[in-house]
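Enquirer: My structure file protein_22.pdb, PDB, C-alpha atoms, is below:
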```pdb
ATOM      1  CA  MET A   1     -33.412 -17.943 -29.048
ATOM      2  CA  VAL A   2     -30.135 -16.234 -29.932
ATOM      3  CA  SER A   3     -28.234 -15.167 -26.834
ATOM      4  CA  TRP A   4     -25.013 -13.440 -25.940
ATOM      5  CA  LYS A   5     -22.061 -15.685 -25.180
ATOM      6  CA  ARG A   6     -18.439 -15.264 -24.236
ATOM      7  CA  PHE A   7     -16.052 -15.152 -27.185
ATOM      8  CA  ASP A   8     -13.436 -17.879 -26.815
ATOM      9  CA  GLY A   9     -11.222 -17.205 -29.855
ATOM     10  CA  ASP A  10      -7.823 -15.512 -29.898
ATOM     11  CA  ASP A  11      -7.013 -11.862 -30.586
ATOM     12  CA  ALA A  12      -6.751 -12.320 -34.354
ATOM     13  CA  ALA A  13     -10.130 -14.054 -34.485
ATOM     14  CA  TRP A  14     -11.691 -11.284 -32.391
ATOM     15  CA  ASP A  15     -10.380  -8.550 -34.676
ATOM     16  CA  ALA A  16     -11.620 -10.432 -37.734
ATOM     17  CA  ARG A  17     -15.029 -10.877 -36.082
ATOM     18  CA  ILE A  18     -15.627  -7.188 -35.370
ATOM     19  CA  ALA A  19     -13.745  -5.477 -38.214
ATOM     20  CA  GLY A  20     -16.756  -5.507 -40.518
ATOM     21  CA  LEU A  21     -19.360  -4.455 -37.941
ATOM     22  CA  PRO A  22     -20.740  -0.897 -38.082
ATOM     23  CA  GLU A  23     -18.885   1.622 -35.875
ATOM     24  CA  ALA A  24     -16.101  -0.824 -34.928
ATOM     25  CA  SER A  25     -13.023   1.151 -33.912
ATOM     26  CA  VAL A  26      -9.588   0.689 -32.411
ATOM     27  CA  PHE A  27     -11.150   0.975 -28.927
ATOM     28  CA  GLN A  28     -12.884  -2.370 -29.448
ATOM     29  CA  SER A  29      -9.792  -4.071 -30.909
ATOM     30  CA  SER A  30      -7.387  -6.527 -29.311
ATOM     31  CA  SER A  31      -4.674  -3.883 -29.733
ATOM     32  CA  TRP A  32      -6.490  -1.555 -27.335
ATOM     33  CA  ALA A  33      -6.995  -4.395 -24.863
ATOM     34  CA  ARG A  34      -3.236  -5.094 -24.901
ATOM     35  CA  HIS A  35      -2.530  -1.428 -24.234
ATOM     36  CA  LYS A  36      -4.944  -1.265 -21.285
ATOM     37  CA  ALA A  37      -3.721  -4.593 -19.854
ATOM     38  CA  ALA A  38      -0.549  -2.755 -18.823
ATOM     39  CA  SER A  39      -2.608  -0.750 -16.320
ATOM     40  CA  GLY A  40      -4.556  -3.664 -14.900
ATOM     41  CA  TRP A  41      -7.575  -4.047 -17.218
ATOM     42  CA  GLU A  42      -8.733  -7.475 -18.443
ATOM     43  CA  ALA A  43     -10.696  -7.992 -21.675
ATOM     44  CA  LEU A  44     -14.191  -9.512 -21.539
ATOM     45  CA  ARG A  45     -15.621 -10.189 -25.012
ATOM     46  CA  LEU A  46     -19.219 -11.130 -25.797
ATOM     47  CA  VAL A  47     -20.782 -11.921 -29.180
ATOM     48  CA  ARG A  48     -24.037 -12.811 -30.833
ATOM     49  CA  ASP A  49     -25.200 -12.731 -34.445
ATOM     50  CA  GLY A  50     -24.556  -9.272 -35.899
ATOM     51  CA  ALA A  51     -23.169  -7.666 -32.733
ATOM     52  CA  ALA A  52     -20.258  -7.792 -30.302
ATOM     53  CA  VAL A  53     -18.687  -5.933 -27.393
ATOM     54  CA  GLN A  54     -15.306  -5.797 -25.698
ATOM     55  CA  ALA A  55     -15.528  -4.554 -22.121
ATOM     56  CA  LEU A  56     -12.383  -3.943 -20.105
ATOM     57  CA  VAL A  57     -12.683  -5.152 -16.520
ATOM     58  CA  ARG A  58     -10.849  -3.839 -13.480
ATOM     59  CA  ARG A  59     -10.888  -5.645 -10.129
ATOM     60  CA  LEU A  60     -11.825  -3.368  -7.234
ATOM     61  CA  PRO A  61     -11.592  -3.844  -3.442
ATOM     62  CA  ALA A  62     -14.045  -6.193  -1.702
ATOM     63  CA  GLY A  63     -14.455  -8.279  -4.841
ATOM     64  CA  ALA A  64     -16.237  -5.595  -6.909
ATOM     65  CA  ARG A  65     -15.751  -5.186 -10.646
ATOM     66  CA  LEU A  66     -15.676  -2.158 -12.954
ATOM     67  CA  LEU A  67     -16.453  -2.662 -16.674
ATOM     68  CA  TRP A  68     -15.777  -0.013 -19.351
ATOM     69  CA  ALA A  69     -16.685  -0.626 -23.003
ATOM     70  CA  ARG A  70     -15.384   2.382 -24.888
ATOM     71  CA  GLY A  71     -16.678   2.327 -28.463
ATOM     72  CA  GLY A  72     -18.996  -0.605 -27.809
ATOM     73  CA  PRO A  73     -21.204  -2.440 -28.297
ATOM     74  CA  VAL A  74     -20.912  -2.537 -32.073
ATOM     75  CA  GLY A  75     -23.160  -3.962 -34.747
ATOM     76  CA  ASP A  76     -26.959  -4.133 -35.005
ATOM     77  CA  PRO A  77     -28.553  -2.179 -32.109
ATOM     78  CA  SER A  78     -31.594  -4.473 -32.173
ATOM     79  CA  ALA A  79     -29.235  -7.131 -30.783
ATOM     80  CA  TRP A  80     -28.301  -4.977 -27.754
ATOM     81  CA  ASP A  81     -30.991  -6.589 -25.636
ATOM     82  CA  ALA A  82     -31.252  -7.173 -21.905
ATOM     83  CA  GLY A  83     -29.207 -10.329 -22.348
ATOM     84  CA  LEU A  84     -26.149  -8.214 -23.121
ATOM     85  CA  ARG A  85     -26.453  -6.241 -19.890
ATOM     86  CA  ARG A  86     -27.102  -9.336 -17.786
ATOM     87  CA  GLU A  87     -24.290 -11.345 -19.352
ATOM     88  CA  LEU A  88     -21.713  -8.563 -18.986
ATOM     89  CA  LEU A  89     -22.501  -8.183 -15.299
ATOM     90  CA  ARG A  90     -22.598 -11.950 -14.759
ATOM     91  CA  GLN A  91     -19.388 -12.729 -16.626
ATOM     92  CA  ALA A  92     -17.544  -9.987 -14.723
ATOM     93  CA  GLY A  93     -18.065 -12.003 -11.554
ATOM     94  CA  GLY A  94     -17.281 -10.574  -8.149
ATOM     95  CA  SER A  95     -19.503  -9.465  -5.305
ATOM     96  CA  ALA A  96     -20.858  -6.487  -7.262
ATOM     97  CA  ALA A  97     -20.316  -4.993 -10.708
ATOM     98  CA  TYR A  98     -20.721  -1.618 -12.411
ATOM     99  CA  ALA A  99     -20.702  -1.450 -16.213
ATOM    100  CA  ARG A 100     -20.573   1.489 -18.583
ATOM    101  CA  VAL A 101     -20.858   1.203 -22.360
ATOM    102  CA  CYS A 102     -20.279   3.924 -24.959
ATOM    103  CA  PRO A 103     -21.266   2.996 -28.529
ATOM    104  CA  TYR A 104     -19.982   5.418 -31.163
ATOM    105  CA  ARG A 105     -23.026   4.916 -33.352
ATOM    106  CA  PRO A 106     -24.643   8.230 -34.344
ATOM    107  CA  ALA A 107     -27.582   8.984 -32.070
ATOM    108  CA  ASP A 108     -30.855   7.618 -33.408
ATOM    109  CA  ALA A 109     -34.185   6.443 -32.068
ATOM    110  CA  ALA A 110     -33.421   2.767 -32.725
ATOM    111  CA  GLY A 111     -30.186   2.753 -30.752
ATOM    112  CA  GLU A 112     -31.568   4.745 -27.823
ATOM    113  CA  ALA A 113     -34.706   2.609 -27.654
ATOM    114  CA  ALA A 114     -32.674  -0.619 -27.675
ATOM    115  CA  LEU A 115     -30.384   0.480 -24.844
ATOM    116  CA  SER A 116     -33.197   1.881 -22.740
ATOM    117  CA  ALA A 117     -35.404  -1.203 -23.189
ATOM    118  CA  ALA A 118     -32.450  -3.404 -22.239
ATOM    119  CA  GLY A 119     -32.127  -1.700 -18.851
ATOM    120  CA  TRP A 120     -29.254   0.697 -19.542
ATOM    121  CA  ARG A 121     -29.552   4.265 -18.230
ATOM    122  CA  ARG A 122     -27.788   7.553 -18.864
ATOM    123  CA  PRO A 123     -25.101   8.096 -16.186
ATOM    124  CA  SER A 124     -25.365  11.204 -14.059
ATOM    125  CA  ARG A 125     -21.702  11.990 -14.749
ATOM    126  CA  PRO A 126     -20.563  11.018 -18.252
ATOM    127  CA  LEU A 127     -16.829  10.921 -18.869
ATOM    128  CA  ASN A 128     -17.128  12.635 -22.257
ATOM    129  CA  PRO A 129     -19.836  14.519 -24.168
ATOM    130  CA  PRO A 130     -21.708  12.396 -26.747
ATOM    131  CA  THR A 131     -20.369  14.345 -29.710
ATOM    132  CA  THR A 132     -17.546  14.131 -32.204
ATOM    133  CA  TYR A 133     -16.324  15.475 -35.529
ATOM    134  CA  ARG A 134     -16.057  12.948 -38.370
ATOM    135  CA  LEU A 135     -14.372  13.407 -41.695
ATOM    136  CA  THR A 136     -15.060  11.237 -44.748
ATOM    137  CA  LEU A 137     -11.707  10.392 -46.305
ATOM    138  CA  ALA A 138     -12.876   8.838 -49.562
ATOM    139  CA  ALA A 139     -14.098  12.183 -50.874
ATOM    140  CA  GLY A 140     -10.663  13.756 -50.421
ATOM    141  CA  PRO A 141      -9.804  16.919 -48.449
ATOM    142  CA  ASN A 142     -12.342  19.717 -48.327
ATOM    143  CA  PRO A 143     -11.039  22.166 -45.704
ATOM    144  CA  SER A 144     -12.249  25.703 -45.211
ATOM    145  CA  ALA A 145     -10.313  28.468 -46.948
ATOM    146  CA  ASN A 146      -8.820  29.567 -43.622
ATOM    147  CA  TRP A 147      -7.776  26.001 -42.691
ATOM    148  CA  ALA A 148      -6.120  25.502 -46.084
ATOM    149  CA  HIS A 149      -4.356  28.871 -45.735
ATOM    150  CA  ASN A 150      -2.959  27.910 -42.332
ATOM    151  CA  LEU A 151      -1.793  24.569 -43.701
ATOM    152  CA  ARG A 152       0.164  26.360 -46.417
ATOM    153  CA  ARG A 153       1.646  28.637 -43.759
ATOM    154  CA  GLY A 154       2.683  25.618 -41.720
ATOM    155  CA  LEU A 155       4.304  23.839 -44.639
ATOM    156  CA  GLY A 156       6.234  26.992 -45.388
ATOM    157  CA  ARG A 157       7.432  27.493 -41.813
ATOM    158  CA  CYS A 158       8.107  23.972 -40.525
ATOM    159  CA  GLY A 159       8.116  21.765 -43.611
ATOM    160  CA  PRO A 160       6.352  18.398 -43.834
ATOM    161  CA  ALA A 161       5.497  16.196 -40.866
ATOM    162  CA  LEU A 162       7.991  13.382 -40.355
ATOM    163  CA  PRO A 163       7.233   9.721 -39.607
ATOM    164  CA  TRP A 164       7.927   8.701 -36.023
ATOM    165  CA  ASP A 165       8.094   4.949 -36.411
ATOM    166  CA  ALA A 166       9.743   4.326 -33.021
ATOM    167  CA  PRO A 167       8.361   7.126 -30.843
ATOM    168  CA  ASP A 168      10.134   7.781 -27.548
ATOM    169  CA  PRO A 169       7.529   7.814 -24.722
ATOM    170  CA  SER A 170       9.729  10.126 -22.624
ATOM    171  CA  GLU A 171       9.935  12.648 -25.442
ATOM    172  CA  MET A 172       6.188  12.371 -26.009
ATOM    173  CA  GLU A 173       5.631  12.992 -22.306
ATOM    174  CA  ARG A 174       7.843  16.098 -22.496
ATOM    175  CA  LEU A 175       5.486  17.561 -25.098
ATOM    176  CA  TYR A 176       2.458  16.836 -22.927
ATOM    177  CA  LEU A 177       4.115  18.449 -19.913
ATOM    178  CA  ALA A 178       4.784  21.567 -21.987
ATOM    179  CA  LEU A 179       1.193  21.575 -23.258
ATOM    180  CA  GLU A 180      -0.221  21.229 -19.746
ATOM    181  CA  SER A 181       2.006  24.003 -18.455
ATOM    182  CA  TYR A 182       1.185  26.698 -20.966
ATOM    183  CA  LYS A 183      -2.526  25.838 -21.245
ATOM    184  CA  GLY A 184      -3.097  25.149 -17.558
ATOM    185  CA  LEU A 185      -4.434  21.640 -18.213
ATOM    186  CA  ALA A 186      -4.743  18.665 -15.900
ATOM    187  CA  ALA A 187      -2.354  15.765 -16.479
ATOM    188  CA  GLN A 188      -2.926  14.188 -19.892
ATOM    189  CA  HIS A 189      -0.550  11.311 -20.720
ATOM    190  CA  ARG A 190       2.619  10.046 -19.062
ATOM    191  CA  ALA A 191       5.505   7.970 -20.369
ATOM    192  CA  ALA A 192       4.256   4.653 -18.954
ATOM    193  CA  SER A 193       0.828   4.864 -20.581
ATOM    194  CA  LEU A 194       2.325   6.196 -23.810
ATOM    195  CA  ALA A 195       4.768   3.274 -23.881
ATOM    196  CA  SER A 196       1.947   0.752 -23.477
ATOM    197  CA  LEU A 197      -0.061   2.516 -26.209
ATOM    198  CA  VAL A 198       2.864   2.332 -28.631
ATOM    199  CA  ALA A 199       3.543  -1.321 -27.779
ATOM    200  CA  GLY A 200      -0.108  -2.374 -27.694
ATOM    201  CA  LEU A 201      -1.232  -0.800 -30.950
ATOM    202  CA  GLY A 202       1.955  -1.511 -32.876
ATOM    203  CA  PRO A 203       1.411  -0.931 -36.609
ATOM    204  CA  ARG A 204      -2.163   0.233 -35.996
ATOM    205  CA  LEU A 205      -0.716   3.416 -34.473
ATOM    206  CA  ILE A 206       0.372   6.120 -36.916
ATOM    207  CA  VAL A 207       2.549   8.853 -35.386
ATOM    208  CA  ARG A 208       3.867  11.976 -37.066
ATOM    209  CA  ARG A 209       6.007  14.770 -35.615
ATOM    210  CA  ILE A 210       7.447  18.183 -36.397
ATOM    211  CA  VAL A 211      11.166  18.616 -35.780
ATOM    212  CA  VAL A 212      12.804  22.055 -35.605
ATOM    213  CA  ASP A 213      16.572  22.372 -35.188
ATOM    214  CA  GLY A 214      16.791  18.727 -34.186
ATOM    215  CA  LYS A 215      14.102  19.026 -31.507
ATOM    216  CA  THR A 216      10.594  17.522 -31.636
ATOM    217  CA  VAL A 217       8.194  20.406 -31.026
ATOM    218  CA  ALA A 218       4.867  18.747 -31.860
ATOM    219  CA  MET A 219       3.354  15.312 -32.491
ATOM    220  CA  ARG A 220       0.019  13.748 -33.368
ATOM    221  CA  ALA A 221      -1.151  10.134 -33.614
ATOM    222  CA  CYS A 222      -4.158   8.118 -34.725
ATOM    223  CA  GLY A 223      -5.181   4.485 -34.418
ATOM    224  CA  VAL A 224      -6.524   2.705 -37.505
ATOM    225  CA  PHE A 225      -8.830  -0.291 -37.269
ATOM    226  CA  GLY A 226     -10.981  -1.432 -40.150
ATOM    227  CA  PRO A 227     -12.498   1.515 -42.013
ATOM    228  CA  VAL A 228     -12.070   4.032 -39.165
ATOM    229  CA  ALA A 229      -9.118   6.075 -37.922
ATOM    230  CA  MET A 230      -9.427   7.540 -34.422
ATOM    231  CA  ASP A 231      -7.500  10.623 -33.325
ATOM    232  CA  LEU A 232      -5.633   9.531 -30.182
ATOM    233  CA  LEU A 233      -2.769  11.882 -29.309
ATOM    234  CA  ALA A 234      -1.876  15.505 -29.925
ATOM    235  CA  ALA A 235       0.713  17.543 -28.058
ATOM    236  CA  ALA A 236       2.965  20.469 -28.814
ATOM    237  CA  ALA A 237       5.451  22.814 -27.203
ATOM    238  CA  PRO A 238       4.501  26.534 -27.174
ATOM    239  CA  GLU A 239       6.752  27.358 -30.126
ATOM    240  CA  ALA A 240       4.796  24.971 -32.370
ATOM    241  CA  ARG A 241       1.828  27.345 -32.406
ATOM    242  CA  LYS A 242       3.833  29.972 -34.285
ATOM    243  CA  ILE A 243       4.591  27.583 -37.138
ATOM    244  CA  TYR A 244       1.070  26.118 -37.499
ATOM    245  CA  ALA A 245       2.360  22.640 -36.722
ATOM    246  CA  SER A 246      -1.093  21.256 -35.853
ATOM    247  CA  TYR A 247      -2.323  21.812 -39.401
ATOM    248  CA  VAL A 248       0.670  20.092 -40.943
ATOM    249  CA  LEU A 249       0.431  17.133 -38.576
ATOM    250  CA  LEU A 250      -3.277  16.502 -39.043
ATOM    251  CA  ALA A 251      -3.074  16.833 -42.819
ATOM    252  CA  ALA A 252      -0.298  14.218 -42.816
ATOM    253  CA  LEU A 253      -2.307  11.847 -40.624
ATOM    254  CA  LEU A 254      -5.354  12.153 -42.860
ATOM    255  CA  ASP A 255      -3.240  11.119 -45.833
ATOM    256  CA  GLU A 256      -1.649   8.231 -43.945
ATOM    257  CA  ALA A 257      -4.996   6.989 -42.608
ATOM    258  CA  ARG A 258      -6.419   6.999 -46.122
ATOM    259  CA  ARG A 259      -3.431   5.017 -47.387
ATOM    260  CA  ALA A 260      -3.920   2.555 -44.514
ATOM    261  CA  GLY A 261      -7.442   1.848 -45.747
ATOM    262  CA  ALA A 262      -9.494   4.077 -43.458
ATOM    263  CA  GLN A 263     -12.644   5.542 -44.966
ATOM    264  CA  ALA A 264     -13.399   7.914 -42.099
ATOM    265  CA  TYR A 265     -11.392   9.879 -39.554
ATOM    266  CA  ASP A 266     -12.898  10.516 -36.123
ATOM    267  CA  LEU A 267     -11.456  13.692 -34.596
ATOM    268  CA  GLY A 268     -13.246  13.406 -31.269
ATOM    269  CA  GLY A 269     -15.447  16.055 -29.725
ATOM    270  CA  ALA A 270     -14.767  19.613 -28.647
ATOM    271  CA  ASP A 271     -16.941  22.058 -26.728
ATOM    272  CA  PRO A 272     -17.709  24.899 -29.179
ATOM    273  CA  ILE A 273     -17.907  27.350 -26.258
ATOM    274  CA  ALA A 274     -15.335  26.207 -23.701
ATOM    275  CA  ALA A 275     -12.885  25.044 -26.388
ATOM    276  CA  LYS A 276     -13.893  27.159 -29.368
ATOM    277  CA  GLY A 277     -10.417  27.151 -30.937
ATOM    278  CA  VAL A 278     -10.230  23.342 -30.898
ATOM    279  CA  ALA A 279     -13.786  23.022 -32.240
ATOM    280  CA  ASP A 280     -13.071  25.501 -35.052
ATOM    281  CA  PHE A 281      -9.862  23.642 -35.926
ATOM    282  CA  LYS A 282     -11.703  20.329 -36.249
ATOM    283  CA  LYS A 283     -14.659  21.802 -38.085
ATOM    284  CA  GLY A 284     -12.297  23.576 -40.473
ATOM    285  CA  THR A 285     -11.070  20.252 -41.859
ATOM    286  CA  GLY A 286     -14.493  19.743 -43.439
ATOM    287  CA  ALA A 287     -15.550  17.283 -40.741
ATOM    288  CA  ARG A 288     -19.202  17.114 -39.807
ATOM    289  CA  PHE A 289     -20.465  17.455 -36.254
ATOM    290  CA  VAL A 290     -22.024  14.180 -35.049
ATOM    291  CA  GLU A 291     -24.072  13.407 -31.957
ATOM    292  CA  THR A 292     -23.448   9.830 -30.810
ATOM    293  CA  LEU A 293     -25.389   7.487 -28.530
ATOM    294  CA  GLY A 294     -22.879   8.294 -25.797
ATOM    295  CA  GLU A 295     -22.530   6.595 -22.420
ATOM    296  CA  TRP A 296     -24.980   4.251 -20.667
ATOM    297  CA  ASP A 297     -24.557   2.321 -17.432
ATOM    298  CA  ALA A 298     -25.907  -0.539 -15.329
ATOM    299  CA  ALA A 299     -24.993  -2.252 -12.074
ATOM    300  CA  ALA A 300     -25.559  -5.369 -10.044
ATOM    301  CA  PRO A 301     -27.116  -4.759  -7.607
ATOM    302  CA  ASP A 302     -29.089  -2.102  -9.491
ATOM    303  CA  PHE A 303     -29.378   0.348  -6.558
ATOM    304  CA  ALA A 304     -25.602   0.889  -6.741
ATOM    305  CA  ARG A 305     -25.750   2.282 -10.256
ATOM    306  CA  GLY A 306     -26.181   5.975  -9.382
ATOM    307  CA  PRO A 307     -23.725   6.471  -6.511
ATOM    308  CA  VAL A 308     -21.105   4.081  -7.864
ATOM    309  CA  GLY A 309     -21.349   5.589 -11.347
ATOM    310  CA  ALA A 310     -20.767   9.085  -9.987
ATOM    311  CA  LEU A 311     -17.807   7.919  -7.900
ATOM    312  CA  ILE A 312     -16.233   5.995 -10.777
ATOM    313  CA  ALA A 313     -16.643   8.935 -13.153
ATOM    314  CA  ALA A 314     -14.971  11.276 -10.652
ATOM    315  CA  ARG A 315     -12.013   8.928 -10.240
ATOM    316  CA  MET A 316     -11.600   8.097 -13.934
ATOM    317  CA  ALA A 317     -11.745  11.770 -14.869
ATOM    318  CA  SER A 318      -9.155  12.771 -12.258
TER     319      SER A 318
END
```
Output the file's structure in the form of structure tokens.
Expert:
Amino acid sequence: MVSWKRFDGDDAAWDARIAGLPEASVFQSSSWARHKAASGWEALRLVRDGAAVQALVRRLPAGARLLWARGGPVGDPSAWDAGLRRELLRQAGGSAAYARVCPYRPADAAGEAALSAAGWRRPSRPLNPPTTYRLTLAAGPNPSANWAHNLRRGLGRCGPALPWDAPDPSEMERLYLALESYKGLAAQHRAASLASLVAGLGPRLIVRRIVVDGKTVAMRACGVFGPVAMDLLAAAAPEARKIYASYVLLAALLDEARRAGAQAYDLGGADPIAAKGVADFKKGTGARFVETLGEWDAAAPDFARGPVGALIAARMAS
């Protein structure tokens, strides 16, 4: 009987192992694990024929463990059996463990049935909605007329997006602080986490910025792994809205991701009611709206799943 086992190879071997599996993304890569290691997460990697998962583990008080597998498991959903759940919780060790997985596979009966039969359940408080916008890059750009018009406006007002090959985390943080202030948002990213992202992803991170009168007024970044580019960062000062900087930045990233070998660009989700402007912006690129399998959780002991899951979600979202 084929069973899940701990992966004992190095980072390069791990990346090679998962790069060809369906729905593999930068969140399951060794680069992401290096980034999250800076804030205390440890990588736990399990494999079996046709499937794999990288869960990040955080040690909690009293010997408990928290596991978070963003973008995983990947591969054949028929392989996501009960052995995966049991082995993740066992390998995490500790007095108790809570695990949450979030495969980016489009929602389908096969995937949902596999996770449910394996003992995973929908958490009462998901961290993110199970939706995204995905753009196929191979077919070339196909934006709406309005999106294309705004891109031309942006190119005329701010010029092309510039490479930011050595981004300054403090300057990136300044843009996020400005964004949070004028939109009334909760804290997004700070210099320390941005520095670890830049260092951890290295060449897998593509960053572009808009500079006006010597000052960076907007930036956007994506992470490329295998055939998929994931939108990771986007921040702008208030003045960037008047020059349509977001259109120029995203158009540049789409081109760069295509040149880097990506076949698809994942823009992430957006609530079409609460964040209609963001949803319209993403949809206007020609991206299609996709429902994904979303988040599932498990715990050992099992009775802790509900209350611990709600508590963890509240803390991770804060």
Enquirer: Can you tell me how far atom CA of A:Pro163 sits from atom CA of A:Tyr265, in Å to one decimal?
Expert: 18.6 Å
Enquirer: Which residues come within 6 Å of stretch 104-113 of chain A, counting all atoms listed in the file, excluding same-chain residues fewer than 4 positions away, as a list in words?
Expert: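 Counting only the stated atoms, we get Glu23, Gly71, Pro77, Ala117, Glu291, Thr292 and Leu293 of chain A.
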Enquirer: Any chance you can output those residues with C-alpha atoms as an mmCIF file, keeping the file's coordinate frame?
Expert:
```
data_model
loop_
_atom_site.group_PDB
_atom_site.id
_atom_site.type_symbol
_atom_site.label_atom_id
_atom_site.label_comp_id
_atom_site.auth_asym_id
_atom_site.auth_seq_id
_atom_site.Cartn_x
_atom_site.Cartn_y
_atom_site.Cartn_z
ATOM 1 C CA GLU A 23 -18.885 1.622 -35.875
ATOM 2 C CA GLY A 71 -16.678 2.327 -28.463
ATOM 3 C CA PRO A 77 -28.553 -2.179 -32.109
ATOM 4 C CA ALA A 117 -35.404 -1.203 -23.189
ATOM 5 C CA GLU A 291 -24.072 13.407 -31.957
ATOM 6 C CA THR A 292 -23.448 9.830 -30.810
ATOM 7 C CA LEU A 293 -25.389 7.487 -28.530
#
```
Enquirer: Report, in Å to a single decimal, how far apart atom CA of A:Gly184 and atom CA of A:Met219 are.
Expert: 19.0 Å
Enquirer: Specify as a VMD selection string each residue included when the PyMOL selection byres ((chain A and resi 97) around 12) is applied to this file.
Expert: chain A and resid 57 to 68 85 to 96 98 to 100 297 to 305 308 to 309 312
Enquirer: Compare A:Ile206, A:Lys183, A:Leu197, A:Cys158 by their minimum atom-to-atom distance to A:Ala275, counting all atoms listed in the file, and give me the closest one.
Expert: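 Using all atoms listed in the file, the shortest distance to A:Ala275 belongs to A:Lys183.
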